[in-house]
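Student: The structure follows.
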Amino acid sequence: MMNESNRIHVIYPESNPEAANLAGEIKQNIERFRIPHRLVKRTGIRRIQDAKEEWLIVICTPETPEDEKVNREINRFIDAGKFGRILTLLAEGTPDTSFPESLIYEKKTDGTIVEHEPLAANVAGTVGREQRKRLRTEQLRLFAPILGVGFDDLMDRKRKARNRKIIAAGAALLAGALVFLGYAVNRIQIIAKKNTELSEQHDIASAARDEAARQKDAAYESYVQTVELEARTCMQQGQNEKALQLLLQVLPDMQDVPGIRETFGNTLENLCSGGYVPVASRADYLVSRGIALQEKTHKVYEDEIWLPPPPETETEDLRIQYKIRNESKEYGYQVATSSGKDLAFTIIHFPQNPERDYFLRDETGTHYYVQLCDAPVRHGGVGVTDNCVILEDGTMIDIHNGEAKRINLLTGHFIPFFDENGSGESLSEKGEKGYTHILDYEECDVLIALTEEGAEIWQRNPFRYLYTLESVQDMIDAGGTTTLIGSGKGLTVFNRNPFRELYTIQDAEWGDVPVEDHFVTTVECGKGVNWLTCDWEIYDLNTGEEIRSFEEEGALGSGSANAPMFTAEGYALIPGFKSVSVWDLKRQKQMARIRKIVGVPVAGLGGYEAYGTEDSGTGLRSGSAILFDGLVYVWREKRDIPPGMENRIELAKELLELKD
């Protein structure tokens, strides 16, 4: 890293913050140093920064020999024949560990190598106030060759030596004329004493003034360093918008303070580099854009009511808790089950006519417990729970101990299962058990009964058996599309209304494909773009054609998702090793790869998600902004950074006002 003061350049290893502070202090001292009037007359130079030649001051620490930028600047001077105008300040370590070899061994044009001892100034082994005090003297060793004068000229040693000689000569004359000048000597002693007292008072006042100025400068420097350090930390952690906000609080007044201009420029470069650029943490991004993201949750059917228990139940409770499992608003009843472990029974409740309530019993008069789950319909069904479906005529279909039954809930009587005789292929028609679930999907014109032998397809009205899909062992609603996915010997895609088979995807490596062993999703991205995924395989849902497999793309799965995620544009977000890639599936092209910023604390906000504008039709968010490991990255076109601090400040304000 390099600080410049007109023709005097100060370079230091970028990895050493103490060296950066020391460079800033030298630069300030160069600007503040007053050249004695007698030297101004001799050299014609009024300020050090007005030096006639270009000079390079190298701050040497153990990191300096390996710093590429420092060595590049040293070589530039050497190549230009300016070896003699390179000065060194040893800040840490020793000359053996801290000096670059190019400063110790000078290679002449004739090929000979000359060894040098480049030490010009030394503040090693000091810190804080002691270092600054020592620097006041040591910096004169740097300023003297720049001005073309000797170190003693700046230290004013010769003048002090000359004064001592004059005083000694005067003392000799006074001693020789002591007899004649006794009175004069006495007066001189009195005057000298007074002068000493005045000098001491002047020194005290000067010291107080210097201390006040030092404290003021220290407070100013501390404030500036705090702003710059916090902004630089935010920039390094990817929170570039927050870094700009901090820097704009002190710009343009502090643009000449070391570090401020550099951090400001680096932050602008980050935001204008093009592609996905990190802008803010998740919380700051949402607040700055006024966004309140609603977490997607599944509705759980858990309405509760309190009703009397059966009269023969041994309980002192006048009312007990029931969970509503299903209801028919058309017929005005609710199916509710007791929630206690020892009270297993079902009540048919009529909210508008509670006098009609009754407890459901089987054919033998025993309390009938409809075995329902607490969760919503498995795999995306709506309005009902597992094993319990209410038909259009108000009757209820239920699976109890593997057997399918049909109950007229208005009367509490069990009735024939189908409305009319079918083919005799249904387990219910055969009087056999083996049913596991009844699936009732939204906008699907049939009911699907899963059995141990396959999936029976039932017509709703009139209620009857249609056929059995022996190749299908399970059925799921994998997303907000017009399809259902059956699994068995491959994945079979069905249209839900009218229900019909579209095609089957088979893979030799799959074998039987139970849904619980694979993560299957379907997604509609709009404009006819629909995708089907099975783990990391992506297919065109419209045709079944495999688009791409990401199984072998590298270290997939950062632990935050089980399958690709999709954006409103139809892009796929694919996780990799400490990264997430954005794929345009239609063009089979990777648009960008967002890599984790090393050292950024995630604080439990890992994972990835599209964070752009939500599409009202599909419910998907745009990929114009992506959340990855707690940071939001926004897609931006590359922009040129204008010259001039005023123009750059205007650009920063514009960037902070951009909305995704």
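Order determines the names: the first chain of the structure tokens is A, the second B, and so forth; residues in each chain are numbered 1 upward, and ligands are numbered 1 upward as they are shown.
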Excluding same-chain residues fewer than 3 positions from stretch 582-596 of chain A, what lies within 8 Å of it counting only C-alpha atoms, as a VMD selection string?
Tutor: chain A and resid 275 to 276 547 to 548 570 to 574 578 to 579 628 to 629
Student: Excluding A:His37 and its own-chain neighbours fewer than 6 positions away, which residues fall within 12 Å of it when counting only C-alpha atoms? Please give them as a list of chain:residue names.
Tutor: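 Counting only the stated atoms, we get A:Thr43, A:Gly44, A:Ile45, A:Arg46, A:Arg47, A:Asp153, A:Leu154, A:Asp156.
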Student: Skipping near chain neighbours, those fewer than 6 positions away, what residues fall within 12 Å of A:Asp362 using only C-alpha atoms, listed as a PyMOL selection string?
Tutor: chain A and resi 345-346+368-370+400+405-407+412-415
Student: Any idea what's packed within 10 Å of A:Gly394, counting only C-alpha atoms, ignoring anything in its chain fewer than 2 positions away? Could you give it as a ChimeraX atom specification?
Tutor: /A:327-333,389-392,396-397,407-410
Student: Take the residues that were just selected and, keeping N, CA and C atoms, output them as a short mmCIF file (atom, residue, chain, number, x, y, z; two decimals), in the first residue's frame.
Tutor:
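So again.cif came out as:
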data_model
loop_
_atom_site.label_atom_id
_atom_site.label_comp_id
_atom_site.auth_asym_id
_atom_site.auth_seq_id
_atom_site.Cartn_x
_atom_site.Cartn_y
_atom_site.Cartn_z
N GLU A 327 -64.95 -31.32 8.10
CA GLU A 327 -66.27 -30.73 8.26
C GLU A 327 -66.92 -30.54 6.90
N SER A 328 -68.22 -30.45 6.91
CA SER A 328 -69.01 -30.17 5.71
C SER A 328 -69.89 -28.97 6.01
N LYS A 329 -69.56 -27.85 5.40
CA LYS A 329 -70.37 -26.66 5.62
C LYS A 329 -71.74 -26.81 4.95
N GLU A 330 -71.77 -27.58 3.85
CA GLU A 330 -73.05 -27.78 3.15
C GLU A 330 -74.05 -28.54 4.03
N TYR A 331 -73.55 -29.57 4.73
CA TYR A 331 -74.45 -30.38 5.56
C TYR A 331 -74.41 -29.95 7.03
N GLY A 332 -73.54 -29.04 7.39
CA GLY A 332 -73.56 -28.42 8.71
C GLY A 332 -73.02 -29.27 9.83
N TYR A 333 -72.06 -30.17 9.59
CA TYR A 333 -71.51 -30.97 10.68
C TYR A 333 -69.99 -30.94 10.64
N VAL A 389 -62.42 -38.77 4.00
CA VAL A 389 -62.85 -37.89 2.92
C VAL A 389 -64.37 -37.77 2.97
N ILE A 390 -64.87 -36.54 2.82
CA ILE A 390 -66.32 -36.32 2.76
C ILE A 390 -66.71 -36.14 1.30
N LEU A 391 -67.66 -36.97 0.84
CA LEU A 391 -68.11 -36.91 -0.54
C LEU A 391 -69.18 -35.84 -0.72
N GLU A 392 -69.55 -35.62 -1.99
CA GLU A 392 -70.52 -34.58 -2.31
C GLU A 392 -71.90 -34.85 -1.70
N MET A 396 -69.12 -40.07 4.42
CA MET A 396 -67.69 -40.03 4.72
C MET A 396 -67.04 -41.35 4.35
N ILE A 397 -65.90 -41.28 3.66
CA ILE A 397 -65.08 -42.45 3.36
C ILE A 397 -63.93 -42.46 4.36
N ILE A 407 -69.74 -44.11 5.56
CA ILE A 407 -70.68 -43.85 6.64
C ILE A 407 -71.56 -42.67 6.26
N ASN A 408 -72.86 -42.81 6.47
CA ASN A 408 -73.79 -41.70 6.32
C ASN A 408 -73.78 -40.92 7.63
N LEU A 409 -73.07 -39.79 7.66
CA LEU A 409 -72.89 -39.06 8.92
C LEU A 409 -74.16 -38.37 9.38
N LEU A 410 -75.14 -38.20 8.49
CA LEU A 410 -76.40 -37.59 8.93
C LEU A 410 -77.20 -38.56 9.81
#
Student: Name all residues at most 12 Å from stretch 201-217 of chain A (count only C-alpha atoms; drop same-chain ones fewer than 5 positions away) and give them as a ChimeraX atom specification.
Tutor: /A:25,28,129,132-133,194-196,222-225
Student: Could you name the residues that touch A:Asp284 at 10 Å or less, counting only C-alpha atoms, but leaving out those on the same chain fewer than 6 positions away, as a count of residues only?
Tutor: 6
Student: Using only C-alpha atoms for the distances, tell me which of A:Glu262, A:Glu101, A:Glu106, A:Asp96 is nearest to A:Ile78.
Tutor: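 The answer is A:Glu106, which sits nearest to A:Ile78.
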Student: What are the DSSP strand (DSSP E or B) residues of stretch 230-361 of chain A, as a count of residues only?
Tutor: 33
Student: One decimal, in Å: what's the spacing between atom CA of A:Pro643 and atom CA of A:His9?
Tutor: 21.3 Å
Student: Which is closest to A:Ser102 among A:Gly488, A:Pro65, A:Gly84, A:Gly365, if we use only C-alpha atoms?
Tutor: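 Looking only at the distances to A:Ser102, the closest residue turns out to be A:Pro65.
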Student: For a test of reading the model, state the distance in Å between atom CA of A:Ile30 and atom CA of A:Pro17, rounded to one decimal.
Tutor: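 These atoms are spaced 20.1 Å apart.
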